[in-house]
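Structure first, commentary second.
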Amino acid sequence: MITHPLMASPLVASRSGAWLAALVATLLAGHAVAQTDAIATAPVAADATPSAEAAAGPSQSMVINLIHLLVKQGVITQTAADALVKQAQDEATQARMAAASAPPAAQTLPPPAPGVVRVPYVPQVVRNQIRDEIKQDVMAQAQAEGWANKNVIPDWINRIHWSGDFRFRDQFNFYSPNNFTGYIDYATFNSSGPTDINPITNRDGIPFLDTVNNRINQLSLRARLAMTADIYKGVSATVRLATGNDNSPVSTTQLLGGGLTKNNFWLDQAYLSLTPVSWGSAEFGRMPNPFMYTSLLWDDNLNFDGVALKANKDLGPDGLNFFGAGGAFPIGYVSNNFPTDSATKAPDDTKWLFALQLGAGYKPNPDGWSVRGAVAYYDYHNIQGELSQPCALYTGAKQCSSDQTAPAYMQKGNTLFLLRNIVPDPNSPLNYAQPQLLGLSFGYQILDVTGRFDMPLFGKTHLTLSGDYAQNLAYDPATVISNPAAFPVNNHDPTSDGSVGLFHTGNKAWLAQATVGHANGVPGDWGVTVGYRYIEPDAVLDAFNDHDFHLGGTNAKGYYVSASYFFANNTWVDGRWFSANQVFGLPLAIDVLQLELNTRF
């Protein structure tokens, strides 16, 4: 490849000079060179190299004048200009010597006009190569600096990335006619409470679940929009908004209808991510789930508040991978002014989740089978309810000492008890208000083991087997039995005559699941999943696991089936069927059908 001296010089020093440099190079390679035959006999003295002072004067050569103009514009230096003219003169001398040694031509060219510099002939293919290479260099600089066109785009625009998804759903809830009809809605009991449990003073009664009337064609949507900004190398920030009927941690589904009123957007995620090394990162704020998990413990919509550290590193060339995650996540704070009607304030007993997970994966062949597994420990601090000190509400007190131990959010299934130790009104021992809150009977320290095996079957089709086992190590029935004032209010077995019998619970849960198909997001992709779950009442915290199976919570067992099909890029339809009953207690069988249309970008 022939490289022109102009290409080796720092020609492109500004946007205005880039096109001028390209023009001069083209002229040097084309127009000026094409005049070689007309000026081939011009003598050039050996000391004719112009100095910086001489170069300032005008010339009869357009190319020389353009070179002078480049110097004046600051595109090239005087030294580079002198080098260009010097090379042209040298090549002209070589051409003249070659012509002198050749046989006399039939015709001789007239001597060149004063100031004309003779250069050797350059073939057309070389001229085209020089032109194309300079054009590529100029365009590369234009794109890098953002001035390739008149609509200049600020650099920060290129560092912001958008993503999102949309789901339209039709849901059907089916209840067994044999379900118990007096099942208390404990989540509403707390969220709208304290709730008076004395039917004499509470004419409105306590909230109950509708457990026998089916609900069909419940249309809903879910829309999520995320923005990620690459702030600096290894530093990024993400903010995501999502729909939702309320600020529930496990659902971003928005039920349609409601008089065609507008729907709400909630702050679903907002976190800063630092990646100091390729294999490790830290996240701060409201972030996606950092752990390997299944819906046995965590709902797919759940995000974590707090700080998380993550690591993922390949070791060796044999497909071995190690990963881990850990973090501290606040669940709830004690109000700074609790209790409001007392000069003595409650200590800082913040509810925390401390978590640690370690795992490994192995994939010996990129196109073959793989296995991945992890062990996690989730330790909840100050999550267990406390029975209050004797609380004389009849005197006008508004709060009791343990009100802040009530959970901020519940679904259903965990064993509960009445938190307030209410002192009877001595003036009316039967007819006095008893507003109550519910608390968790047990602490939760969960050991979780998760595994996944994947293998190709044929073509793009894979078989994936998943399993999950969880056990609450803080489960201790003695803590309930030894405190008759805090006897649990739910999870009682029925007797032979259908009445409420003995209290019964457990601390174990497991899941087994198989998936066949391929889901890369292109038309024709499909997948089918079947699975079974068994969740005893106090195996996991009911607030945060899957809100679709048994309509959320624990104390549930049953199977589920789902299927999906991609009919366009990143656009698919799917359907799910959940069939579940209670593990312990009075019968509550719930089947759920979901039909969905999804897209993502």
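By convention here, the chains of the structure tokens are called A, B, ... in the order presented, each chain's residues are numbered starting at 1, and ligands are numbered starting at 1 in the order presented.
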With a cut-off of 12 Å, could you pull out the residues of region 425-484 of chain A touching region 204-212 of chain A and give me the nearest pair of atoms for each, distance in Å to one decimal, using only C-alpha atoms, ordered by chain and ascending number, as JSON lines?
```
{"residue": "A:Gln434", "atom": "CA", "partner": "A:Ile206", "partner_atom": "CA", "distance": 11.9}
{"residue": "A:Pro435", "atom": "CA", "partner": "A:Ile206", "partner_atom": "CA", "distance": 10.6}
{"residue": "A:Gln436", "atom": "CA", "partner": "A:Ile206", "partner_atom": "CA", "distance": 10.7}
{"residue": "A:Leu437", "atom": "CA", "partner": "A:Ile206", "partner_atom": "CA", "distance": 11.9}
```
message: Report as a ChimeraX atom specification all protein, DNA and RNA residues lying within 9 Å of His504 (chain A), evaluated on only C-alpha atoms, omitting residues in the same chain fewer than 6 positions from it.
response: /A:490-493,537,584-585
For Phe544 (chain A), list every protein, DNA or RNA residue within 7 Å, evaluated using only C-alpha atoms, and leave out those in the same chain fewer than 6 positions away; present the list as a PDB file with N, CA, C and O atoms, in the first residue's frame.
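Result file follows (part.pdb):
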```pdb
ATOM      1  N   VAL A 250     -44.727  -7.514  46.058  1.00  0.00           N
ATOM      2  CA  VAL A 250     -44.699  -8.712  45.213  1.00  0.00           C
ATOM      3  C   VAL A 250     -45.552  -8.612  43.959  1.00  0.00           C
ATOM      4  O   VAL A 250     -45.630  -9.584  43.206  1.00  0.00           O
ATOM      5  N   LEU A 297     -39.314 -19.037  47.526  1.00  0.00           N
ATOM      6  CA  LEU A 297     -38.970 -18.012  48.512  1.00  0.00           C
ATOM      7  C   LEU A 297     -39.319 -16.605  48.056  1.00  0.00           C
ATOM      8  O   LEU A 297     -39.769 -15.782  48.861  1.00  0.00           O
ATOM      9  N   TRP A 298     -39.052 -16.316  46.773  1.00  0.00           N
ATOM     10  CA  TRP A 298     -39.141 -14.940  46.303  1.00  0.00           C
ATOM     11  C   TRP A 298     -40.032 -14.832  45.083  1.00  0.00           C
ATOM     12  O   TRP A 298     -39.918 -15.615  44.137  1.00  0.00           O
ATOM     13  N   ASP A 299     -40.904 -13.833  45.076  1.00  0.00           N
ATOM     14  CA  ASP A 299     -41.711 -13.535  43.911  1.00  0.00           C
ATOM     15  C   ASP A 299     -40.839 -12.893  42.830  1.00  0.00           C
ATOM     16  O   ASP A 299     -39.878 -12.176  43.129  1.00  0.00           O
TER      17      ASP A 299
END
```
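Counting only C-alpha atoms and comparing A:Asp90, A:Asp546, A:Glu386, A:Asp318, the residue that lies closest to Asp349 (chain A) is A:Glu386.
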task: In Å, rounded to a single decimal, give me how far CA of Leu356 (chain A) is from CA of Asp454 (chain A).
output: 24.7 Å
Set out as CSV a contact list for region 442-529 of chain A and region 375-384 of chain A with a cut-off of 12 Å, giving each residue of region 442-529 of chain A that qualifies its closest atom pair and distance in Å to one decimal, counting only C-alpha atoms, ordered by chain and rising residue number.
```
residue,atom,partner,partner_atom,distance
A:Phe442,CA,A:Gln384,CA,5.5
A:Gly443,CA,A:Gln384,CA,4.8
A:Tyr444,CA,A:Tyr380,CA,5.7
A:Gln445,CA,A:Asp379,CA,4.5
A:Ile446,CA,A:Tyr378,CA,5.0
A:Leu447,CA,A:Tyr377,CA,4.8
A:Asp448,CA,A:Ala376,CA,5.1
A:Val449,CA,A:Val375,CA,4.6
A:Thr450,CA,A:Val375,CA,6.5
A:Gly451,CA,A:Val375,CA,8.9
A:Asp468,CA,A:Val375,CA,10.0
A:Tyr469,CA,A:Val375,CA,9.8
A:Ala470,CA,A:Ala376,CA,9.4
A:Gln471,CA,A:Tyr377,CA,9.9
A:Asn472,CA,A:Tyr378,CA,9.3
A:Leu473,CA,A:Asp379,CA,9.5
A:Ala474,CA,A:Asp379,CA,9.2
A:Tyr475,CA,A:Gln384,CA,10.8
A:Asp476,CA,A:Gln384,CA,11.8
A:Thr479,CA,A:Gln384,CA,10.9
A:Val480,CA,A:Gln384,CA,11.5
```
- request: Identify, on the basis of only C-alpha atoms, every residue whose closest approach to Gly368 (chain A) does not exceed 9 Å; exclude the query and any residue fewer than 4 positions from it along the same chain; express the result as a PyMOL selection string.
  value: chain A and resi 363-364+454-456
Export all heavy atoms of the chosen residues as a short mmCIF file (atom, residue, chain, number, x, y, z; two decimals), in the first residue's frame?
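The result, stored in again26.cif:
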```cif
data_model
loop_
_atom_site.label_atom_id
_atom_site.label_comp_id
_atom_site.auth_asym_id
_atom_site.auth_seq_id
_atom_site.Cartn_x
_atom_site.Cartn_y
_atom_site.Cartn_z
N LYS A 363 -20.00 -26.19 33.27
CA LYS A 363 -20.45 -26.41 31.89
C LYS A 363 -19.23 -26.79 31.07
O LYS A 363 -18.53 -25.93 30.53
CB LYS A 363 -21.12 -25.17 31.33
CG LYS A 363 -21.81 -25.39 29.99
CD LYS A 363 -22.62 -24.17 29.57
CE LYS A 363 -23.40 -24.46 28.30
NZ LYS A 363 -24.26 -23.33 27.90
N PRO A 364 -18.93 -28.07 30.95
CA PRO A 364 -17.68 -28.49 30.29
C PRO A 364 -17.65 -28.19 28.80
O PRO A 364 -16.57 -28.06 28.22
CB PRO A 364 -17.63 -30.00 30.56
CG PRO A 364 -19.05 -30.39 30.80
CD PRO A 364 -19.69 -29.22 31.47
N ASP A 454 -29.32 -28.41 33.18
CA ASP A 454 -29.79 -28.11 31.82
C ASP A 454 -29.05 -29.00 30.83
O ASP A 454 -27.82 -29.19 30.95
CB ASP A 454 -29.56 -26.64 31.50
CG ASP A 454 -30.05 -26.28 30.11
OD1 ASP A 454 -29.26 -26.40 29.15
OD2 ASP A 454 -31.22 -25.88 29.98
N MET A 455 -29.77 -29.53 29.85
CA MET A 455 -29.15 -30.35 28.82
C MET A 455 -29.87 -30.16 27.49
O MET A 455 -31.09 -29.97 27.45
CB MET A 455 -29.17 -31.83 29.21
CG MET A 455 -30.55 -32.44 29.34
SD MET A 455 -30.51 -34.22 29.67
CE MET A 455 -29.84 -34.82 28.12
N PRO A 456 -29.14 -30.16 26.37
CA PRO A 456 -29.77 -30.07 25.06
C PRO A 456 -30.44 -31.39 24.70
O PRO A 456 -29.92 -32.47 24.99
CB PRO A 456 -28.61 -29.75 24.12
CG PRO A 456 -27.40 -30.29 24.81
CD PRO A 456 -27.67 -30.17 26.28
#
```
field: Separation of CA of Pro366 (chain A) from CA of Leu320 (chain A) in Å
entry: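 A separation of 11.7 Å between them.
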- prompt: region 559-570 of chain A: which residues within 8 Å, counting only C-alpha atoms, same-chain residues fewer than 4 positions away excluded, as a list in words?
  reply: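 Close residues of region 559-570 of chain A: Ala519, Gly521, Val522, Pro523, Gly524, Asp525, Trp526, Gly527, Val528, Thr529, Val530, Gly531, Tyr532, Arg533, Asp574, Gly575, Arg576, Trp577, Phe578, Ser579, Ala580, Thr599, Arg600 and Phe601 of chain A.
Using only C-alpha atoms for every distance, the candidate list A:Ser441, A:Asn414, A:Thr201, A:Asn555 yields A:Asn414 as the residue closest to Tyr186 (chain A).
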query: Of the candidates A:Leu315, A:Ser163, A:Phe180, A:Arg372, which shows the shortest atom-to-atom distance to Leu586 (chain A), using only C-alpha atoms?
result: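 That would be A:Phe180, the residue with the smallest distance to Leu586 (chain A).
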message: Set the distance at 10 Å and use only C-alpha atoms: which residues neighbour Arg169 (chain A) once local chain neighbours fewer than 2 positions away are removed? I'd like the list as JSON, numbers by chain.
response: {"A": [167, 171, 172, 217, 218, 219, 220, 221, 222, 253, 254, 255, 256, 573, 574, 575, 594, 595, 596, 597, 598]}
How would the residues just chosen look if you wrote them out with N, CA and C atoms as a PDB file, in the first residue's frame?
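Final file, part28.pdb:
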```
ATOM      1  N   ARG A 167     -47.324  -6.310  29.705  1.00  0.00           N
ATOM      2  CA  ARG A 167     -48.081  -7.560  29.791  1.00  0.00           C
ATOM      3  C   ARG A 167     -49.563  -7.251  29.928  1.00  0.00           C
ATOM      4  N   GLN A 171     -57.295 -13.084  33.974  1.00  0.00           N
ATOM      5  CA  GLN A 171     -57.126 -14.031  35.081  1.00  0.00           C
ATOM      6  C   GLN A 171     -58.461 -14.541  35.588  1.00  0.00           C
ATOM      7  N   PHE A 172     -58.462 -15.835  35.963  1.00  0.00           N
ATOM      8  CA  PHE A 172     -59.639 -16.500  36.495  1.00  0.00           C
ATOM      9  C   PHE A 172     -59.261 -17.150  37.820  1.00  0.00           C
ATOM     10  N   ASN A 217     -62.466 -13.496  34.239  1.00  0.00           N
ATOM     11  CA  ASN A 217     -62.194 -12.384  33.322  1.00  0.00           C
ATOM     12  C   ASN A 217     -61.783 -11.111  34.053  1.00  0.00           C
ATOM     13  N   GLN A 218     -60.762 -11.243  34.896  1.00  0.00           N
ATOM     14  CA  GLN A 218     -60.179 -10.077  35.542  1.00  0.00           C
ATOM     15  C   GLN A 218     -59.032  -9.570  34.669  1.00  0.00           C
ATOM     16  N   LEU A 219     -59.316  -8.510  33.910  1.00  0.00           N
ATOM     17  CA  LEU A 219     -58.334  -7.968  32.985  1.00  0.00           C
ATOM     18  C   LEU A 219     -57.368  -7.055  33.733  1.00  0.00           C
ATOM     19  N   SER A 220     -56.083  -7.218  33.448  1.00  0.00           N
ATOM     20  CA  SER A 220     -55.057  -6.412  34.118  1.00  0.00           C
ATOM     21  C   SER A 220     -53.898  -6.187  33.172  1.00  0.00           C
ATOM     22  N   LEU A 221     -53.029  -5.280  33.554  1.00  0.00           N
ATOM     23  CA  LEU A 221     -51.813  -5.038  32.788  1.00  0.00           C
ATOM     24  C   LEU A 221     -50.658  -4.835  33.742  1.00  0.00           C
ATOM     25  N   ARG A 222     -49.468  -4.960  33.170  1.00  0.00           N
ATOM     26  CA  ARG A 222     -48.237  -4.616  33.872  1.00  0.00           C
ATOM     27  C   ARG A 222     -47.333  -3.907  32.875  1.00  0.00           C
ATOM     28  N   THR A 253     -48.970  -5.745  39.114  1.00  0.00           N
ATOM     29  CA  THR A 253     -50.155  -5.901  38.280  1.00  0.00           C
ATOM     30  C   THR A 253     -51.167  -4.803  38.592  1.00  0.00           C
ATOM     31  N   GLN A 254     -51.710  -4.198  37.542  1.00  0.00           N
ATOM     32  CA  GLN A 254     -52.722  -3.152  37.687  1.00  0.00           C
ATOM     33  C   GLN A 254     -54.040  -3.662  37.117  1.00  0.00           C
ATOM     34  N   LEU A 255     -55.041  -3.831  37.986  1.00  0.00           N
ATOM     35  CA  LEU A 255     -56.355  -4.279  37.546  1.00  0.00           C
ATOM     36  C   LEU A 255     -57.029  -3.168  36.755  1.00  0.00           C
ATOM     37  N   LEU A 256     -57.550  -3.516  35.585  1.00  0.00           N
ATOM     38  CA  LEU A 256     -58.215  -2.527  34.748  1.00  0.00           C
ATOM     39  C   LEU A 256     -59.643  -2.298  35.221  1.00  0.00           C
ATOM     40  N   VAL A 573     -47.121 -15.175  23.677  1.00  0.00           N
ATOM     41  CA  VAL A 573     -48.318 -15.470  24.459  1.00  0.00           C
ATOM     42  C   VAL A 573     -47.976 -16.610  25.404  1.00  0.00           C
ATOM     43  N   ASP A 574     -48.613 -16.611  26.563  1.00  0.00           N
ATOM     44  CA  ASP A 574     -48.430 -17.733  27.474  1.00  0.00           C
ATOM     45  C   ASP A 574     -49.676 -17.933  28.321  1.00  0.00           C
ATOM     46  N   GLY A 575     -49.742 -19.103  28.905  1.00  0.00           N
ATOM     47  CA  GLY A 575     -50.840 -19.455  29.791  1.00  0.00           C
ATOM     48  C   GLY A 575     -50.319 -20.238  30.981  1.00  0.00           C
ATOM     49  N   GLN A 594     -54.272 -18.071  34.125  1.00  0.00           N
ATOM     50  CA  GLN A 594     -53.794 -16.793  33.595  1.00  0.00           C
ATOM     51  C   GLN A 594     -53.472 -16.943  32.110  1.00  0.00           C
ATOM     52  N   LEU A 595     -54.031 -16.054  31.293  1.00  0.00           N
ATOM     53  CA  LEU A 595     -53.760 -15.996  29.857  1.00  0.00           C
ATOM     54  C   LEU A 595     -53.130 -14.636  29.575  1.00  0.00           C
ATOM     55  N   GLU A 596     -51.970 -14.629  28.893  1.00  0.00           N
ATOM     56  CA  GLU A 596     -51.201 -13.393  28.800  1.00  0.00           C
ATOM     57  C   GLU A 596     -50.682 -13.131  27.387  1.00  0.00           C
ATOM     58  N   LEU A 597     -50.554 -11.849  27.086  1.00  0.00           N
ATOM     59  CA  LEU A 597     -49.860 -11.354  25.905  1.00  0.00           C
ATOM     60  C   LEU A 597     -48.722 -10.459  26.388  1.00  0.00           C
ATOM     61  N   ASN A 598     -47.488 -10.765  25.961  1.00  0.00           N
ATOM     62  CA  ASN A 598     -46.308 -10.086  26.491  1.00  0.00           C
ATOM     63  C   ASN A 598     -45.431  -9.535  25.373  1.00  0.00           C
TER      64      ASN A 598
END
```
message: Run DSSP on the backbone and tell me which residues of region 241-355 of chain A come out as strand (DSSP E); list them as number ranges by chain.
response: A: 241-242, 254-255, 266-277, 280-288, 303-315, 320-332, 351-355
- prompt: What is the CA of Lys313 (chain A) to CA of His518 (chain A) distance in Å?
  reply: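 Pair CA of Lys313 (chain A) / CA of His518 (chain A) returns 26.0 Å.
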task: Identify which of the residues A:Leu438, A:Leu393, A:Ile422, A:Ala229 lies closest to Ser192 (chain A), counting only C-alpha atoms when measuring atom-to-atom distances.
output: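 Closest to Ser192 (chain A), using only C-alpha atoms: A:Leu438.
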message: Can you pull out every residue from region 77-300 of chain A that DSSP, working from the backbone, puts in helix (DSSP H, G or I), and format the result as a ChimeraX atom specification?
response: /A:78-101,124-145,155-159,186-191
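The closest residue to Asp591 (chain A), picked from A:Gly306, A:Pro177, A:Gly74, A:Pro199 and counting only C-alpha atoms, is A:Pro177.
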query: Which residue gives the smallest distance to Val583 (chain A) among A:Lys508, A:Met97, A:His547, A:Val277, with only C-alpha atoms counted?
result: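 Answer, going by the shortest atom-to-atom distance: A:Lys508.
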